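Structure record follows, encoded as structure tokens.
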Amino acid sequence: MQPSAPQYAERLTAPRSWWIIAGLLGIAGGLMLLPLGVLPMLGGLIGAGALAAAGVSAYGSQRIRVVGDALIAGDARIPVSALGEAEVLDAEEARAWRSHKADTRAHMLLRSYIPGALRVEVADPADPTPYLYLSTRDPEGLAAALAAVRAG
């Protein structure tokens with residue numbers, strides 16, 4: 001049995017400026033080893049650049065998907081039947097929900113460089129998580145995908 005195609009899929013990639021910073025860290029690694037010679041400088045450039053790029057890539061590899069009857073957000077996989085209403089948050093509301101309105105029990109897939117978010121109530125009484133906070137560039141699309149799965 002093949003898994004169904006995603007009804008919604010998004011990768012929370014890191015901003016371009018972070019890749020520029022990773023490149024600058026590579027240059028800094030090369031410059032630190034320049035007094036030791038050209039080959040150590042090249043090794044430092046490649047090594048520091050690769051480490052910085054791996055860090056940016058790992059941080060930007062989180063995905064949000066709605067596949068079949070499940071919401072997959074990072075490491076969490078939640079059946080849509082266990083979810084309640086979805087609330088689309090604009091930049092101001094998203095900032096409030098990730099700061100002073102936040103609940104420590106909530107599952108947060110948070111990327112502060114993404115202004116919009118979706119807050120989804122958890123309707124399962126056995127789950128202590130009150131809601132999911134998901135940073136997303138298309139909160140309306142994600143809410144529509146969840147509503148479509150709920151509707152059948």
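How things are named: the first chain in the structure tokens is A, the next is B, and so on; residues count from 1 in each chain; ligands count from 1 in the order shown.
Neighbouring residues of Ala91 (chain A) at 12 Å or closer, counting only C-alpha atoms and skipping chain neighbours under 5 positions away, are Ala96, Trp97, Arg98, Ser112, Tyr113, Ile114, Pro115, Gly116, Ala117, Leu118, Ser135, Thr136, Arg137 and Pro139 of chain A.
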Go ahead and save the picked residues with C-alpha atoms, as an mmCIF file, in the first residue's frame.
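This went into selection-v9.cif:
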data_model
loop_
_atom_site.group_PDB
_atom_site.id
_atom_site.type_symbol
_atom_site.label_atom_id
_atom_site.label_comp_id
_atom_site.auth_asym_id
_atom_site.auth_seq_id
_atom_site.Cartn_x
_atom_site.Cartn_y
_atom_site.Cartn_z
ATOM 1 C CA ALA A 96 2.009 37.143 21.184
ATOM 2 C CA TRP A 97 1.452 33.363 21.076
ATOM 3 C CA ARG A 98 5.158 32.629 21.019
ATOM 4 C CA SER A 112 10.855 33.415 14.441
ATOM 5 C CA TYR A 113 11.898 34.558 10.955
ATOM 6 C CA ILE A 114 8.537 33.332 9.588
ATOM 7 C CA PRO A 115 5.933 35.958 10.509
ATOM 8 C CA GLY A 116 2.729 33.904 10.132
ATOM 9 C CA ALA A 117 1.625 30.901 12.146
ATOM 10 C CA LEU A 118 -1.218 28.494 12.769
ATOM 11 C CA SER A 135 5.248 28.661 12.049
ATOM 12 C CA THR A 136 4.190 28.584 8.415
ATOM 13 C CA ARG A 137 4.407 30.835 5.391
ATOM 14 C CA PRO A 139 -1.304 29.450 7.452
#
Interface rows for region 56-151 of chain A against region 12-18 of chain A: nearest pair, Å to one decimal, 8 Å, only C-alpha atoms, as JSON lines:
{"residue": "A:Val56", "atom": "CA", "partner": "A:Ala14", "partner_atom": "CA", "distance": 6.7}
{"residue": "A:Ser57", "atom": "CA", "partner": "A:Ala14", "partner_atom": "CA", "distance": 7.4}
{"residue": "A:Tyr59", "atom": "CA", "partner": "A:Ala14", "partner_atom": "CA", "distance": 7.1}
{"residue": "A:Gly60", "atom": "CA", "partner": "A:Thr13", "partner_atom": "CA", "distance": 4.1}
{"residue": "A:Ser61", "atom": "CA", "partner": "A:Thr13", "partner_atom": "CA", "distance": 6.2}
{"residue": "A:Gln62", "atom": "CA", "partner": "A:Leu12", "partner_atom": "CA", "distance": 5.5}
{"residue": "A:Arg63", "atom": "CA", "partner": "A:Leu12", "partner_atom": "CA", "distance": 6.0}
{"residue": "A:Ile64", "atom": "CA", "partner": "A:Leu12", "partner_atom": "CA", "distance": 7.8}
{"residue": "A:Arg111", "atom": "CA", "partner": "A:Leu12", "partner_atom": "CA", "distance": 7.7}
{"residue": "A:Tyr113", "atom": "CA", "partner": "A:Pro15", "partner_atom": "CA", "distance": 7.6}
{"residue": "A:Thr136", "atom": "CA", "partner": "A:Leu12", "partner_atom": "CA", "distance": 7.3}
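Taking CA of Met32 (chain A) as the reference point, CA of Ala52 (chain A) is found at 15.4 Å.
Closest to Ala106 (chain A) among A:Leu71, A:Ala143, A:Leu89, A:Ala76 is A:Ala76, based on only C-alpha atoms.
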Practice prompt. Based on DSSP run over this structure's backbone, return all residues of chain A in strand (DSSP E or B), as JSON, numbers by chain.
Written response: {"A": [8, 9, 10, 11, 63, 64, 65, 66, 67, 70, 71, 72, 73, 76, 77, 78, 79, 83, 84, 85, 86, 87, 88, 89, 107, 108, 109, 117, 118, 119, 120, 121, 122, 131, 132, 133, 134, 135]}
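Reported to one decimal place, the separation of CA of Ala73 (chain A) from CA of Ala53 (chain A) is 22.9 Å.
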Worksheet item: Where in region 87-150 of chain A does DSSP assign alpha helix (DSSP H), given as a count of residues only?
Response: 19
Discussion item. Neighbouring residues of Ile78 (chain A) were defined as those with any atom within 10 Å, considering only C-alpha atoms; residues of the same chain fewer than 4 positions away were excluded. Please report them as a list of chain:residue names.
Written reply: A:Val66, A:Asp69, A:Ala70, A:Leu71, A:Ile72, A:Ala73, A:Ala82, A:Leu83, A:Val122
Just to be explicit: take each residue in the selection above, keep N, CA, C and O atoms, and write the result as a compact mmCIF listing (two decimals), in the first residue's frame.
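result05.txt, freshly written:
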# COMPACT_ATOMS: atom_id res chain seq x y z
N VAL A 66 0.54 17.56 5.65
CA VAL A 66 -0.72 16.88 5.93
C VAL A 66 -0.78 15.73 4.93
O VAL A 66 -0.88 15.94 3.73
N ASP A 69 -4.55 11.09 6.83
CA ASP A 69 -5.35 11.66 7.92
C ASP A 69 -4.47 12.13 9.08
O ASP A 69 -4.91 12.16 10.22
N ALA A 70 -3.23 12.51 8.78
CA ALA A 70 -2.29 12.92 9.84
C ALA A 70 -1.62 14.24 9.51
O ALA A 70 -1.36 14.55 8.34
N LEU A 71 -1.35 15.00 10.56
CA LEU A 71 -0.54 16.20 10.46
C LEU A 71 0.85 15.84 10.96
O LEU A 71 1.01 15.34 12.07
N ILE A 72 1.85 16.08 10.13
CA ILE A 72 3.23 15.80 10.49
C ILE A 72 3.95 17.15 10.57
O ILE A 72 4.06 17.85 9.57
N ALA A 73 4.37 17.51 11.76
CA ALA A 73 5.04 18.79 11.99
C ALA A 73 6.36 18.52 12.70
O ALA A 73 6.38 18.27 13.90
N ALA A 82 -7.62 14.01 16.17
CA ALA A 82 -7.29 14.43 17.53
C ALA A 82 -7.10 15.93 17.64
O ALA A 82 -6.79 16.44 18.72
N LEU A 83 -7.31 16.63 16.54
CA LEU A 83 -7.11 18.08 16.53
C LEU A 83 -8.44 18.81 16.51
O LEU A 83 -9.42 18.33 15.94
N VAL A 122 -5.63 20.97 20.44
CA VAL A 122 -5.58 19.51 20.54
C VAL A 122 -6.83 19.07 21.29
O VAL A 122 -7.04 19.45 22.44
Discussion item. I want to know what sits within 9 Å of Arg105 (chain A), based on only C-alpha atoms, with residues of the same chain fewer than 6 positions away left out; could you give that as a list of chain:residue names?
Written reply: A:Pro128, A:Thr129, A:Pro130, A:Tyr131
Nearby residues (only C-alpha atoms) at most 9 Å from Ile46 (chain A), same-chain spacing under 3 positions excluded, as a JSON list (two decimals) with N, CA and C atoms, in the first residue's frame:
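The result, written out as result_15.json:
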[["chain", "number", "residue", "atom", "x", "y", "z"],
["A", 26, "GLY", "N", 32.87, 30.50, 6.99],
["A", 26, "GLY", "CA", 33.88, 29.73, 6.26],
["A", 26, "GLY", "C", 35.10, 30.59, 5.95],
["A", 27, "ILE", "N", 34.85, 31.82, 5.52],
["A", 27, "ILE", "CA", 35.97, 32.74, 5.24],
["A", 27, "ILE", "C", 36.75, 33.02, 6.53],
["A", 29, "GLY", "N", 37.06, 31.05, 9.09],
["A", 29, "GLY", "CA", 37.85, 29.85, 9.40],
["A", 29, "GLY", "C", 39.11, 29.78, 8.56],
["A", 30, "GLY", "N", 39.01, 30.19, 7.30],
["A", 30, "GLY", "CA", 40.20, 30.22, 6.44],
["A", 30, "GLY", "C", 41.20, 31.28, 6.88],
["A", 41, "MET", "N", 44.82, 27.10, 5.28],
["A", 41, "MET", "CA", 43.80, 28.10, 5.06],
["A", 41, "MET", "C", 42.64, 27.51, 4.25],
["A", 42, "LEU", "N", 42.94, 26.77, 3.20],
["A", 42, "LEU", "CA", 41.89, 26.14, 2.40],
["A", 42, "LEU", "C", 41.12, 25.11, 3.22],
["A", 43, "GLY", "N", 41.84, 24.36, 4.05],
["A", 43, "GLY", "CA", 41.17, 23.39, 4.92],
["A", 43, "GLY", "C", 40.24, 24.07, 5.90],
["A", 49, "GLY", "N", 33.23, 26.39, 6.58],
["A", 49, "GLY", "CA", 32.08, 26.62, 5.72],
["A", 49, "GLY", "C", 31.13, 25.44, 5.69],
["A", 50, "ALA", "N", 31.69, 24.23, 5.66],
["A", 50, "ALA", "CA", 30.85, 23.03, 5.65],
["A", 50, "ALA", "C", 30.10, 22.86, 6.97],
["A", 51, "LEU", "N", 30.77, 23.11, 8.09],
["A", 51, "LEU", "CA", 30.10, 23.01, 9.38],
["A", 51, "LEU", "C", 28.97, 24.04, 9.52]]
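CA of Pro35 (chain A) to CA of Ile20 (chain A) spans 24.4 Å [interatomic distance, one decimal].
Shortest atom-to-atom contact with Leu110 (chain A) among A:Leu134, A:Ala145, A:Ala123, A:Leu31: A:Leu134, counting only C-alpha atoms.
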